[in-house]
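File shown: work-v6.cif (mmCIF, C-alpha atoms).
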data_work
#
loop_
_atom_site.group_PDB
_atom_site.id
_atom_site.type_symbol
_atom_site.label_atom_id
_atom_site.label_comp_id
_atom_site.auth_asym_id
_atom_site.auth_seq_id
_atom_site.Cartn_x
_atom_site.Cartn_y
_atom_site.Cartn_z
ATOM 1 C CA MET A 3 6.089 -8.801 24.686
ATOM 2 C CA SER A 4 2.325 -8.809 24.336
ATOM 3 C CA GLU A 5 0.831 -7.384 21.176
ATOM 4 C CA PRO A 6 -0.856 -4.002 21.213
ATOM 5 C CA GLN A 7 -4.506 -4.031 22.267
ATOM 6 C CA VAL A 8 -5.459 -2.267 19.061
ATOM 7 C CA PHE A 9 -4.640 -5.445 17.083
ATOM 8 C CA GLU A 10 -7.741 -7.035 18.599
ATOM 9 C CA ARG A 11 -9.885 -4.209 17.211
ATOM 10 C CA ILE A 12 -8.228 -4.450 13.813
ATOM 11 C CA ARG A 13 -8.863 -8.199 13.617
ATOM 12 C CA ASP A 14 -12.452 -7.604 14.608
ATOM 13 C CA GLU A 15 -12.932 -5.018 11.810
ATOM 14 C CA ILE A 16 -11.231 -7.222 9.235
ATOM 15 C CA GLY A 17 -13.404 -10.147 10.266
ATOM 16 C CA LYS A 18 -16.612 -8.134 9.919
ATOM 17 C CA HIS A 19 -16.073 -6.817 6.392
ATOM 18 C CA ASP A 20 -15.174 -8.802 3.282
ATOM 19 C CA VAL A 21 -13.620 -5.765 1.658
ATOM 20 C CA LEU A 22 -12.172 -3.263 4.071
ATOM 21 C CA LEU A 23 -10.201 -0.132 3.309
ATOM 22 C CA PHE A 24 -8.203 1.635 5.996
ATOM 23 C CA MET A 25 -8.058 5.137 4.592
ATOM 24 C CA LYS A 26 -7.681 8.854 5.201
ATOM 25 C CA GLY A 27 -11.162 10.323 5.133
ATOM 26 C CA THR A 28 -14.297 8.484 4.112
ATOM 27 C CA PRO A 29 -15.306 6.753 0.867
ATOM 28 C CA VAL A 30 -17.543 9.732 0.055
ATOM 29 C CA PHE A 31 -14.926 12.295 1.068
ATOM 30 C CA PRO A 32 -11.378 10.933 0.879
ATOM 31 C CA GLN A 33 -8.849 13.329 2.374
ATOM 32 C CA CYS A 34 -5.763 12.083 0.576
ATOM 33 C CA GLY A 35 -5.082 11.458 -3.094
ATOM 34 C CA PHE A 36 -3.801 7.936 -2.483
ATOM 35 C CA SER A 37 -6.911 6.932 -0.548
ATOM 36 C CA ALA A 38 -9.079 8.544 -3.219
ATOM 37 C CA ALA A 39 -7.303 6.523 -5.911
ATOM 38 C CA VAL A 40 -8.164 3.224 -4.219
ATOM 39 C CA VAL A 41 -11.766 4.327 -3.655
ATOM 40 C CA ASP A 42 -11.943 5.087 -7.402
ATOM 41 C CA VAL A 43 -10.653 1.637 -8.304
ATOM 42 C CA LEU A 44 -13.105 -0.134 -6.003
ATOM 43 C CA SER A 45 -15.976 1.983 -7.312
ATOM 44 C CA GLU A 46 -14.942 1.269 -10.872
ATOM 45 C CA LEU A 47 -15.071 -2.459 -10.151
ATOM 46 C CA GLY A 48 -18.435 -2.075 -8.445
ATOM 47 C CA VAL A 49 -17.192 -3.546 -5.170
ATOM 48 C CA LYS A 50 -19.075 -2.864 -1.964
ATOM 49 C CA PHE A 51 -16.531 -1.993 0.682
ATOM 50 C CA HIS A 52 -16.292 -0.612 4.159
ATOM 51 C CA GLY A 53 -14.011 2.363 4.807
ATOM 52 C CA VAL A 54 -12.318 3.008 8.123
ATOM 53 C CA ASN A 55 -11.182 6.593 8.565
ATOM 54 C CA ILE A 56 -7.909 6.384 10.459
ATOM 55 C CA LEU A 57 -7.635 10.185 10.671
ATOM 56 C CA VAL A 58 -10.193 10.246 13.468
ATOM 57 C CA ASP A 59 -8.533 7.414 15.383
ATOM 58 C CA PRO A 60 -4.839 7.955 16.249
ATOM 59 C CA GLU A 61 -4.519 4.574 17.962
ATOM 60 C CA LEU A 62 -5.772 2.783 14.878
ATOM 61 C CA ARG A 63 -3.651 4.969 12.597
ATOM 62 C CA GLU A 64 -0.455 3.813 14.339
ATOM 63 C CA GLY A 65 -1.711 0.305 15.041
ATOM 64 C CA ILE A 66 -2.597 -0.628 11.484
ATOM 65 C CA LYS A 67 0.940 0.175 10.289
ATOM 66 C CA HIS A 68 2.394 -2.343 12.735
ATOM 67 C CA PHE A 69 -0.364 -4.866 12.201
ATOM 68 C CA SER A 70 0.159 -4.985 8.427
ATOM 69 C CA GLN A 71 3.888 -4.182 8.597
ATOM 70 C CA TRP A 72 3.073 -1.514 6.085
ATOM 71 C CA PRO A 73 4.086 2.111 6.656
ATOM 72 C CA THR A 74 1.445 3.956 4.701
ATOM 73 C CA ILE A 75 -2.290 4.444 4.331
ATOM 74 C CA PRO A 76 -4.466 3.352 2.451
ATOM 75 C CA GLN A 77 -4.432 -0.386 3.094
ATOM 76 C CA LEU A 78 -6.876 -2.784 1.502
ATOM 77 C CA TYR A 79 -7.986 -6.049 3.113
ATOM 78 C CA VAL A 80 -10.029 -8.642 1.253
ATOM 79 C CA LYS A 81 -11.503 -11.507 3.293
ATOM 80 C CA GLY A 82 -8.919 -11.038 5.997
ATOM 81 C CA GLU A 83 -5.929 -10.820 3.672
ATOM 82 C CA PHE A 84 -3.821 -7.709 3.240
ATOM 83 C CA VAL A 85 -3.757 -7.038 -0.509
ATOM 84 C CA GLY A 86 -1.710 -3.861 -0.631
ATOM 85 C CA GLY A 87 -1.534 -0.092 -0.647
ATOM 86 C CA CYS A 88 -2.280 2.396 -3.385
ATOM 87 C CA ASP A 89 0.491 1.453 -5.849
ATOM 88 C CA ILE A 90 -0.198 -2.284 -5.674
ATOM 89 C CA ILE A 91 -3.970 -1.827 -5.950
ATOM 90 C CA ARG A 92 -3.635 0.441 -8.983
ATOM 91 C CA GLU A 93 -1.173 -1.942 -10.632
ATOM 92 C CA MET A 94 -3.399 -4.964 -9.909
ATOM 93 C CA PHE A 95 -6.404 -3.090 -11.251
ATOM 94 C CA GLU A 96 -4.646 -2.252 -14.503
ATOM 95 C CA THR A 97 -3.507 -5.842 -15.075
ATOM 96 C CA GLY A 98 -6.894 -7.300 -14.132
ATOM 97 C CA GLU A 99 -5.390 -9.153 -11.162
ATOM 98 C CA LEU A 100 -7.531 -7.300 -8.646
ATOM 99 C CA GLU A 101 -10.782 -8.242 -10.316
ATOM 100 C CA GLN A 102 -9.578 -11.850 -10.481
ATOM 101 C CA LEU A 103 -8.595 -11.872 -6.822
ATOM 102 C CA LEU A 104 -11.988 -10.488 -5.798
ATOM 103 C CA LYS A 105 -13.768 -13.076 -7.919
ATOM 104 C CA ASP A 106 -11.579 -15.879 -6.582
ATOM 105 C CA LYS A 107 -12.420 -14.846 -3.063
ATOM 106 C CA GLY A 108 -16.119 -14.771 -3.874
ATOM 107 C CA VAL A 109 -16.636 -11.020 -3.564
ATOM 108 C CA ALA A 110 -19.653 -9.763 -5.498
ATOM 109 C CA LEU A 111 -18.918 -7.261 -8.261
ATOM 110 C CA ALA A 112 -21.580 -5.148 -9.895
ATOM 111 C CA ASP A 113 -22.113 -6.032 -13.544
ATOM 112 C CA ALA A 114 -20.330 -3.587 -15.757
ATOM 113 C CA ALA A 115 -23.044 -1.521 -17.417
ATOM 114 C CA MET B 23 9.936 16.959 5.524
ATOM 115 C CA ALA B 24 11.795 15.893 2.445
ATOM 116 C CA MET B 25 14.537 13.589 1.339
ATOM 117 C CA ALA B 26 17.087 13.793 -1.453
ATOM 118 C CA ALA B 27 16.700 11.299 -4.260
ATOM 119 C CA GLU B 28 20.341 10.212 -3.867
ATOM 120 C CA GLU B 29 19.683 9.361 -0.235
ATOM 121 C CA ILE B 30 16.696 7.188 -1.156
ATOM 122 C CA ILE B 31 18.734 5.360 -3.796
ATOM 123 C CA ARG B 32 21.610 4.843 -1.361
ATOM 124 C CA LEU B 33 19.357 3.378 1.343
ATOM 125 C CA ILE B 34 17.568 1.020 -1.028
ATOM 126 C CA LYS B 35 20.851 -0.219 -2.516
ATOM 127 C CA GLU B 36 22.273 -0.686 0.950
ATOM 128 C CA GLY B 37 19.240 -2.709 2.039
ATOM 129 C CA ILE B 38 18.931 -4.678 -1.184
ATOM 130 C CA PRO B 39 22.469 -5.209 -2.497
ATOM 131 C CA GLY B 40 22.710 -5.341 -6.274
ATOM 132 C CA ALA B 41 19.312 -3.724 -6.803
ATOM 133 C CA GLU B 42 18.827 -1.388 -9.736
ATOM 134 C CA VAL B 43 17.072 1.744 -8.576
ATOM 135 C CA GLU B 44 15.551 4.443 -10.743
ATOM 136 C CA ILE B 45 13.983 7.450 -9.177
ATOM 137 C CA GLU B 46 11.933 10.341 -10.431
ATOM 138 C CA ASP B 47 11.074 13.495 -8.496
ATOM 139 C CA LEU B 48 7.424 13.777 -9.480
ATOM 140 C CA ALA B 49 6.640 17.226 -8.202
ATOM 141 C CA GLY B 50 10.137 18.692 -8.114
ATOM 142 C CA ASP B 51 9.684 19.324 -4.394
ATOM 143 C CA GLY B 52 11.900 16.561 -2.986
ATOM 144 C CA ASP B 53 8.836 15.041 -1.362
ATOM 145 C CA HIS B 54 6.962 13.137 -4.058
ATOM 146 C CA TYR B 55 8.969 10.448 -5.786
ATOM 147 C CA ALA B 56 8.402 7.495 -8.021
ATOM 148 C CA ALA B 57 10.908 4.683 -7.652
ATOM 149 C CA THR B 58 11.425 1.544 -9.677
ATOM 150 C CA VAL B 59 13.443 -1.154 -7.966
ATOM 151 C CA ILE B 60 14.660 -4.164 -9.892
ATOM 152 C CA SER B 61 16.283 -7.081 -8.104
ATOM 153 C CA PRO B 62 16.325 -10.848 -8.531
ATOM 154 C CA VAL B 63 15.634 -11.203 -4.779
ATOM 155 C CA PHE B 64 12.010 -10.263 -5.565
ATOM 156 C CA ALA B 65 11.483 -13.422 -7.606
ATOM 157 C CA GLY B 66 8.770 -15.622 -6.170
ATOM 158 C CA LYS B 67 7.703 -13.001 -3.628
ATOM 159 C CA SER B 68 4.313 -11.309 -3.510
ATOM 160 C CA LYS B 69 4.012 -7.608 -4.361
ATOM 161 C CA VAL B 70 3.319 -6.896 -0.711
ATOM 162 C CA GLN B 71 6.519 -8.708 0.322
ATOM 163 C CA GLN B 72 8.517 -6.931 -2.402
ATOM 164 C CA HIS B 73 7.348 -3.511 -1.269
ATOM 165 C CA GLN B 74 7.906 -4.455 2.383
ATOM 166 C CA MET B 75 11.549 -5.214 1.535
ATOM 167 C CA VAL B 76 11.989 -1.751 0.028
ATOM 168 C CA TYR B 77 10.235 -0.106 2.975
ATOM 169 C CA GLY B 78 12.499 -2.143 5.262
ATOM 170 C CA ALA B 79 15.552 -0.796 3.447
ATOM 171 C CA LEU B 80 14.234 2.723 3.992
ATOM 172 C CA GLY B 81 14.232 1.955 7.696
ATOM 173 C CA GLY B 82 11.025 3.563 8.882
ATOM 174 C CA ARG B 83 11.371 6.738 6.799
ATOM 175 C CA MET B 84 8.485 5.780 4.543
ATOM 176 C CA GLY B 85 5.331 7.358 5.878
ATOM 177 C CA GLY B 86 7.506 9.657 7.967
ATOM 178 C CA VAL B 87 10.059 12.011 6.391
ATOM 179 C CA LEU B 88 9.278 10.384 3.090
ATOM 180 C CA HIS B 89 5.642 11.128 2.463
ATOM 181 C CA ALA B 90 5.073 9.898 -1.025
ATOM 182 C CA LEU B 91 7.026 7.263 -2.876
ATOM 183 C CA LYS B 92 5.195 5.625 -5.724
ATOM 184 C CA LEU B 93 6.819 2.248 -5.808
ATOM 185 C CA THR B 94 7.198 -0.266 -8.611
ATOM 186 C CA THR B 95 9.140 -3.448 -7.977
ATOM 187 C CA MET B 96 10.153 -6.226 -10.335
ATOM 188 C CA ALA B 97 12.519 -9.177 -10.356
ATOM 189 C CA GLN B 98 13.834 -8.370 -13.810
ATOM 190 C CA ARG B 99 13.315 -5.896 -16.583
ATOM 191 C CA PRO B 100 10.226 -6.695 -18.619
#
Structure translated into structure tokens:
Amino acid sequence: MSEPQVFERIRDEIGKHDVLLFMKGTPVFPQCGFSAAVVDVLSELGVKFHGVNILVDPELREGIKHFSQWPTIPQLYVKGEFVGGCDIIREMFETGELEQLLKDKGVALADAA
Amino acid sequence: MAMAAEEIIRLIKEGIPGAEVEIEDLAGDGDHYAATVISPVFAGKSKVQQHQMVYGALGGRMGGVLHALKLTTMAQRP
């Protein structure tokens, strides 16, 4: 069985952006509370990220669930690695693990003012 | 589009034998739950893998009939 064509597109997106969030809505206008929560965390950490709005792309919306073997949106990728969905990101943020992971992977964070 | 809490607990325990499962109906609407799953099988696994095991036990319902399940997993009680 060959893999879905959409996987190619997903790999391409993941390869292009160090920090990539598959989400409902856009970073400026999230259309789901869970997506908004992850946007808040990333903003809080001062991380530049790219958002992909899966609501406008049904193929991607289905494809990403199979690609990550993860049933829900949002999904955060850092340097090609799937880090988690909303619960994991929030938990990692609270424990400081997320900041550490971003630093370890060489992602630039804005200095906390 | 909702699921009873007992059904969620049953499925998780079936998929992860011996797991302790606590569930809370967050909105009282049978559609927004928080679940804590404690099982030694999670030891040494990443958070992503731990959650994937719970989603696997729910057999494709997560993201479908089950819209919102805030999930916390741990190998043992803190």
Check: which chain A residues lie within 9 Å of chain B using only C-alpha atoms, as a PyMOL selection string = chain A and resi 71-75+84-90+93
Atoms kept (C-alpha atoms) for selection, written as a JSON list (two decimals), in the frame of the given file:
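Wrote it out as selection_26.json, contents follow:
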[["chain", "number", "residue", "atom", "x", "y", "z"],
["A", 71, "GLN", "CA", 3.89, -4.18, 8.60],
["A", 72, "TRP", "CA", 3.07, -1.51, 6.08],
["A", 73, "PRO", "CA", 4.09, 2.11, 6.66],
["A", 74, "THR", "CA", 1.44, 3.96, 4.70],
["A", 75, "ILE", "CA", -2.29, 4.44, 4.33],
["A", 84, "PHE", "CA", -3.82, -7.71, 3.24],
["A", 85, "VAL", "CA", -3.76, -7.04, -0.51],
["A", 86, "GLY", "CA", -1.71, -3.86, -0.63],
["A", 87, "GLY", "CA", -1.53, -0.09, -0.65],
["A", 88, "CYS", "CA", -2.28, 2.40, -3.38],
["A", 89, "ASP", "CA", 0.49, 1.45, -5.85],
["A", 90, "ILE", "CA", -0.20, -2.28, -5.67],
["A", 93, "GLU", "CA", -1.17, -1.94, -10.63]]
Could you pull the residues within 9 Å of range 48-60 of chain B, counting only C-alpha atoms, minus those fewer than 4 positions along the same chain, as a PyMOL selection string?
-> chain B and resi 23-27+31+34+40-44+64+76+87-99
Now that the selection is made, can you save its residues with C-alpha atoms as a PDB file, in the coordinates of the input?
ATOM      1  CA  MET B  23       9.936  16.959   5.524  1.00  0.00           C
ATOM      2  CA  ALA B  24      11.795  15.893   2.445  1.00  0.00           C
ATOM      3  CA  MET B  25      14.537  13.589   1.339  1.00  0.00           C
ATOM      4  CA  ALA B  26      17.087  13.793  -1.453  1.00  0.00           C
ATOM      5  CA  ALA B  27      16.700  11.299  -4.260  1.00  0.00           C
ATOM      6  CA  ILE B  31      18.734   5.360  -3.796  1.00  0.00           C
ATOM      7  CA  ILE B  34      17.568   1.020  -1.028  1.00  0.00           C
ATOM      8  CA  GLY B  40      22.710  -5.341  -6.274  1.00  0.00           C
ATOM      9  CA  ALA B  41      19.312  -3.724  -6.803  1.00  0.00           C
ATOM     10  CA  GLU B  42      18.827  -1.388  -9.736  1.00  0.00           C
ATOM     11  CA  VAL B  43      17.072   1.744  -8.576  1.00  0.00           C
ATOM     12  CA  GLU B  44      15.551   4.443 -10.743  1.00  0.00           C
ATOM     13  CA  PHE B  64      12.010 -10.263  -5.565  1.00  0.00           C
ATOM     14  CA  VAL B  76      11.989  -1.751   0.028  1.00  0.00           C
ATOM     15  CA  VAL B  87      10.059  12.011   6.391  1.00  0.00           C
ATOM     16  CA  LEU B  88       9.278  10.384   3.090  1.00  0.00           C
ATOM     17  CA  HIS B  89       5.642  11.128   2.463  1.00  0.00           C
ATOM     18  CA  ALA B  90       5.073   9.898  -1.025  1.00  0.00           C
ATOM     19  CA  LEU B  91       7.026   7.263  -2.876  1.00  0.00           C
ATOM     20  CA  LYS B  92       5.195   5.625  -5.724  1.00  0.00           C
ATOM     21  CA  LEU B  93       6.819   2.248  -5.808  1.00  0.00           C
ATOM     22  CA  THR B  94       7.198  -0.266  -8.611  1.00  0.00           C
ATOM     23  CA  THR B  95       9.140  -3.448  -7.977  1.00  0.00           C
ATOM     24  CA  MET B  96      10.153  -6.226 -10.335  1.00  0.00           C
ATOM     25  CA  ALA B  97      12.519  -9.177 -10.356  1.00  0.00           C
ATOM     26  CA  GLN B  98      13.834  -8.370 -13.810  1.00  0.00           C
ATOM     27  CA  ARG B  99      13.315  -5.896 -16.583  1.00  0.00           C
TER      28      ARG B  99
END
Do you know which residues the PyMOL selection byres ((chain A and resi 23-30) around 6) returns on this file, as a PDB file with C-alpha atoms, in the frame of the given file?
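Done, and the output landed in out10.pdb:
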ATOM      1  CA  LEU A  22     -12.172  -3.263   4.071  1.00  0.00           C
ATOM      2  CA  PHE A  31     -14.926  12.295   1.068  1.00  0.00           C
ATOM      3  CA  PRO A  32     -11.378  10.933   0.879  1.00  0.00           C
ATOM      4  CA  GLN A  33      -8.849  13.329   2.374  1.00  0.00           C
ATOM      5  CA  CYS A  34      -5.763  12.083   0.576  1.00  0.00           C
ATOM      6  CA  SER A  37      -6.911   6.932  -0.548  1.00  0.00           C
ATOM      7  CA  GLY A  53     -14.011   2.363   4.807  1.00  0.00           C
ATOM      8  CA  VAL A  54     -12.318   3.008   8.123  1.00  0.00           C
ATOM      9  CA  ASN A  55     -11.182   6.593   8.565  1.00  0.00           C
ATOM     10  CA  ILE A  56      -7.909   6.384  10.459  1.00  0.00           C
ATOM     11  CA  LEU A  57      -7.635  10.185  10.671  1.00  0.00           C
ATOM     12  CA  ILE A  75      -2.290   4.444   4.331  1.00  0.00           C
ATOM     13  CA  PRO A  76      -4.466   3.352   2.451  1.00  0.00           C
ATOM     14  CA  GLN A  77      -4.432  -0.386   3.094  1.00  0.00           C
ATOM     15  CA  LEU A  78      -6.876  -2.784   1.502  1.00  0.00           C
TER      16      LEU A  78
END
Find the spatial neighbours of Ala79 in chain B, counting all atoms listed in the file, within a cut-off of 10 Å - ignore same-chain residues fewer than 6 positions away - and output them as a list in words.
-> Ile30, Arg32, Leu33, Ile34, Lys35, Glu36, Gly37, Ile38 and His73 of chain B
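Between CA of Gly17 in chain A and CA of Glu64 in chain A the separation is 19.5 Å.
If you look at CA of Ala38 in chain A and CA of Lys107 in chain A, they are 23.6 Å away from each other.
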CA of Glu46 in chain B to CA of Glu46 in chain A, straight-line distance in Å = 28.4 Å
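When the PyMOL selection byres ((chain A and resi 109) around 10) is evaluated on the file shown here, the picked residues come out as Asp20, Val21, Val49, Lys50, Phe51, Val80, Lys81, Glu101, Gln102, Leu103, Leu104, Lys105, Asp106, Lys107, Gly108, Ala110, Leu111 and Ala112 of chain A.
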I need the residue set behind the PyMOL selection byres ((chain A and resi 8) around 8) for this file; please write it as a PDB file with C-alpha atoms, keeping the file's coordinate frame.
ATOM      1  CA  PRO A   6      -0.856  -4.002  21.213  1.00  0.00           C
ATOM      2  CA  GLN A   7      -4.506  -4.031  22.267  1.00  0.00           C
ATOM      3  CA  PHE A   9      -4.640  -5.445  17.083  1.00  0.00           C
ATOM      4  CA  GLU A  10      -7.741  -7.035  18.599  1.00  0.00           C
ATOM      5  CA  ARG A  11      -9.885  -4.209  17.211  1.00  0.00           C
ATOM      6  CA  ILE A  12      -8.228  -4.450  13.813  1.00  0.00           C
ATOM      7  CA  GLU A  61      -4.519   4.574  17.962  1.00  0.00           C
ATOM      8  CA  LEU A  62      -5.772   2.783  14.878  1.00  0.00           C
ATOM      9  CA  GLY A  65      -1.711   0.305  15.041  1.00  0.00           C
TER      10      GLY A  65
END
Counting only C-alpha atoms, which of A:Tyr79, A:Ile91, A:Thr97, A:Lys18 gets nearest to Ile66 in chain A?
-> A:Tyr79
